[in-house]
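Inspection log for the structure reproduced underneath, given as structure tokens.
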Amino acid sequence: MWEVIIIFVAQLLFVPILTLRTIMMVKGLKGKAAGFGILEAVIYVVAIGIVLSDLSNYYNMAAYALGFGAGLYIGAWIEEKLAIGYVTIEANIPQRNDALINRLRELGFSVSTSTVEGIDSTRYLLYCTARRDREKEFYRIIDQHEEKAFVASYEPRNFKGGYITKGMKRRRELFLRKKKRQISLVLPI
């Protein structure tokens, strides 16, 4: 009975570690990927060794499979919560929306804009690169201002220069100061 529990727990640990190792490799974090790889190999050898020591024990095999499935779920959940890296988001909206653009910039999002030709009308495109942990926030803001927006996101492999590299917090502070100056010029005290 202990073998079944050991195998199940080993898989609960193994698969999330496998997920994290894969993420670290894709993100170019070689040292961390190697560390996770060593841990992953040790857990794998222990779990598979117990399963292969008695192939007539179907409980061990079931524990391995169930642990693997549960581990996948946990690994995906961990990956979603860590949200390592950046995401580029494009929002295609019917017309320029200054309230939306200002709100995004106020919250520290780097937003570039352009006019584009749609199938039967001119549209407006917002480009933003942000930390992955802010992607859902961006989508919520878009939904609040533009219900009919077409929004797509993807992960850039790497990038150089541009607004994103200067830091989100500093951008937000500069934007708020600039906006405050503009308001004071329009409304003299």
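Every chain in the structure tokens takes a letter, A first, then B, and so on in the order presented; its residues are numbered from 1, and the ligands are numbered from 1 following the presented order.
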Practice item. As JSON, numbers by chain, list the residues of region 3-188 of chain A assigned to helix (DSSP H, G or I) by DSSP on the backbone atoms of this structure. Key: {"A": [3, 4, 5, 6, 7, 8, 9, 10, 11, 12, 13, 14, 15, 16, 17, 18, 19, 20, 21, 22, 23, 24, 25, 26, 30, 31, 32, 33, 34, 35, 36, 37, 38, 39, 40, 41, 42, 43, 44, 45, 46, 47, 48, 49, 50, 51, 52, 53, 58, 59, 60, 61, 62, 63, 64, 65, 66, 67, 68, 69, 70, 71, 72, 73, 74, 75, 76, 77, 78, 79, 80, 81, 82, 98, 99, 100, 101, 102, 103, 104, 105, 106, 132, 133, 134, 135, 136, 137, 138, 139, 140, 141, 142, 143, 144, 145, 163, 164, 165, 166, 168, 169, 170, 171, 172, 173, 174, 175, 176, 177, 178, 179, 180, 181, 182, 183, 184, 185, 186]}
Practice item. Considering only C-alpha atoms, return as a VMD selection string whatever protein or nucleic-acid residues lie within 10 Å of Lys148 (chain A), sequence-local ones (same chain, fewer than 3 positions apart) excluded. Key: chain A and resid 92 to 94 142 to 143 145 151
Take the residues just selected and output them with C-alpha atoms as a compact mmCIF listing (two decimals), in the first residue's frame.
# COMPACT_ATOMS: atom_id res chain seq x y z
CA ASN A 92 -8.36 45.84 -33.04
CA ILE A 93 -11.11 48.38 -32.30
CA PRO A 94 -13.62 50.20 -34.57
CA ILE A 142 -10.54 46.32 -23.19
CA ASP A 143 -13.91 44.66 -22.40
CA HIS A 145 -14.24 50.13 -23.05
CA VAL A 151 -8.03 40.94 -29.24
Review point. Counting only C-alpha atoms, what is within 10 Å of Leu13 (chain A), bar same-chain residues fewer than 3 positions away, as a list in words?
Key: Ile7, Phe8, Val9, Ala10, Pro16, Ile17, Leu18, Leu39, Glu40, Ile43, Tyr44, Gly67, Phe68, Ala70, Gly71, Leu72, Ile74 and Gly75 of chain A
Just N, CA and C atoms for this one: save the residues we selected as a short mmCIF file (atom, residue, chain, number, x, y, z; two decimals), in the first residue's frame.
data_model
loop_
_atom_site.label_atom_id
_atom_site.label_comp_id
_atom_site.auth_asym_id
_atom_site.auth_seq_id
_atom_site.Cartn_x
_atom_site.Cartn_y
_atom_site.Cartn_z
N ILE A 7 4.24 6.24 -5.20
CA ILE A 7 4.18 6.45 -6.64
C ILE A 7 3.28 7.65 -6.97
N PHE A 8 2.12 7.70 -6.35
CA PHE A 8 1.17 8.79 -6.62
C PHE A 8 1.79 10.14 -6.24
N VAL A 9 2.37 10.24 -5.06
CA VAL A 9 2.98 11.50 -4.60
C VAL A 9 4.17 11.86 -5.49
N ALA A 10 4.95 10.85 -5.87
CA ALA A 10 6.10 11.12 -6.76
C ALA A 10 5.63 11.74 -8.08
N PRO A 16 4.69 18.49 -12.25
CA PRO A 16 4.85 19.95 -12.15
C PRO A 16 6.31 20.39 -12.32
N ILE A 17 7.24 19.58 -11.81
CA ILE A 17 8.66 19.90 -11.98
C ILE A 17 9.04 19.80 -13.46
N LEU A 18 8.51 18.79 -14.14
CA LEU A 18 8.71 18.65 -15.58
C LEU A 18 8.17 19.89 -16.31
N LEU A 39 16.30 17.19 -10.38
CA LEU A 39 15.24 16.81 -9.44
C LEU A 39 14.21 15.92 -10.12
N GLU A 40 13.84 16.28 -11.33
CA GLU A 40 12.88 15.51 -12.11
C GLU A 40 13.38 14.08 -12.35
N ILE A 43 13.19 11.87 -9.10
CA ILE A 43 11.82 11.46 -8.80
C ILE A 43 11.35 10.41 -9.80
N TYR A 44 11.66 10.61 -11.07
CA TYR A 44 11.23 9.66 -12.11
C TYR A 44 11.82 8.28 -11.87
N GLY A 67 -1.53 9.78 -10.74
CA GLY A 67 -0.60 10.81 -10.27
C GLY A 67 -0.11 11.68 -11.42
N PHE A 68 0.12 11.06 -12.57
CA PHE A 68 0.55 11.81 -13.75
C PHE A 68 -0.53 12.80 -14.17
N ALA A 70 -3.06 14.04 -12.37
CA ALA A 70 -3.21 15.09 -11.34
C ALA A 70 -2.02 16.05 -11.38
N GLY A 71 -0.84 15.51 -11.62
CA GLY A 71 0.37 16.34 -11.73
C GLY A 71 0.29 17.30 -12.90
N LEU A 72 -0.28 16.85 -14.02
CA LEU A 72 -0.46 17.74 -15.17
C LEU A 72 -1.34 18.92 -14.80
N ILE A 74 -1.88 20.16 -11.80
CA ILE A 74 -1.14 21.02 -10.86
C ILE A 74 -0.07 21.82 -11.59
N GLY A 75 0.64 21.18 -12.51
CA GLY A 75 1.68 21.87 -13.28
C GLY A 75 1.11 23.01 -14.09
#
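Nearest residue to Ile78 (chain A) among A:Leu66, A:Leu107, A:Leu20, A:Ala41 is A:Leu20, counting only C-alpha atoms.
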Practice item. Pick out each residue of region 119-149 of chain A that DSSP on the backbone tags as strand (DSSP E or B); I need them as a PyMOL selection string. Key: chain A and resi 122-131
Write a file of the just-selected residues containing C-alpha atoms, as a PDB file, in the first residue's frame.
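Contents of the output file part.pdb:
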ATOM      1  CA  THR A 122     -10.741  51.745 -41.347  1.00  0.00           C
ATOM      2  CA  ARG A 123     -10.030  50.455 -37.847  1.00  0.00           C
ATOM      3  CA  TYR A 124      -7.691  51.278 -34.998  1.00  0.00           C
ATOM      4  CA  LEU A 125      -5.036  48.917 -33.631  1.00  0.00           C
ATOM      5  CA  LEU A 126      -3.516  49.000 -30.148  1.00  0.00           C
ATOM      6  CA  TYR A 127      -0.231  47.178 -29.552  1.00  0.00           C
ATOM      7  CA  CYS A 128       0.952  46.354 -26.065  1.00  0.00           C
ATOM      8  CA  THR A 129       3.743  44.246 -24.620  1.00  0.00           C
ATOM      9  CA  ALA A 130       3.293  43.464 -20.943  1.00  0.00           C
ATOM     10  CA  ARG A 131       4.196  40.941 -18.285  1.00  0.00           C
TER      11      ARG A 131
END
Check your understanding: Of the candidates A:Ala62, A:Leu55, A:Val116, A:Val15, which one gets nearest to Gln95 (chain A) if we count only C-alpha atoms?
Key -> A:Val116
Exercise for review: Find the residue from A:Ile141, A:Thr88, A:Val45, A:Gly37 that sits nearest to Met25 (chain A); use only C-alpha atoms when measuring.
Suggested key: A:Gly37
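Rounded to one decimal, CA of Ile119 (chain A) and CA of Glu147 (chain A) lie 19.1 Å from each other.
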Review point. Within 8 Å of Arg21 (chain A), counting only C-alpha atoms, which residues qualify if same-chain residues fewer than 5 places away don't, as a ChimeraX atom specification?
Key: /A:32-34,36-37
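Closest approach to Ile23 (chain A) among A:Glu80, A:Glu137, A:Gln11, A:Lys180: A:Glu80, based on only C-alpha atoms.
Counting only C-alpha atoms, the residue from A:Met24, A:Val87, A:Met1, A:Leu176 that sits nearest to Asn158 (chain A) is A:Val87.
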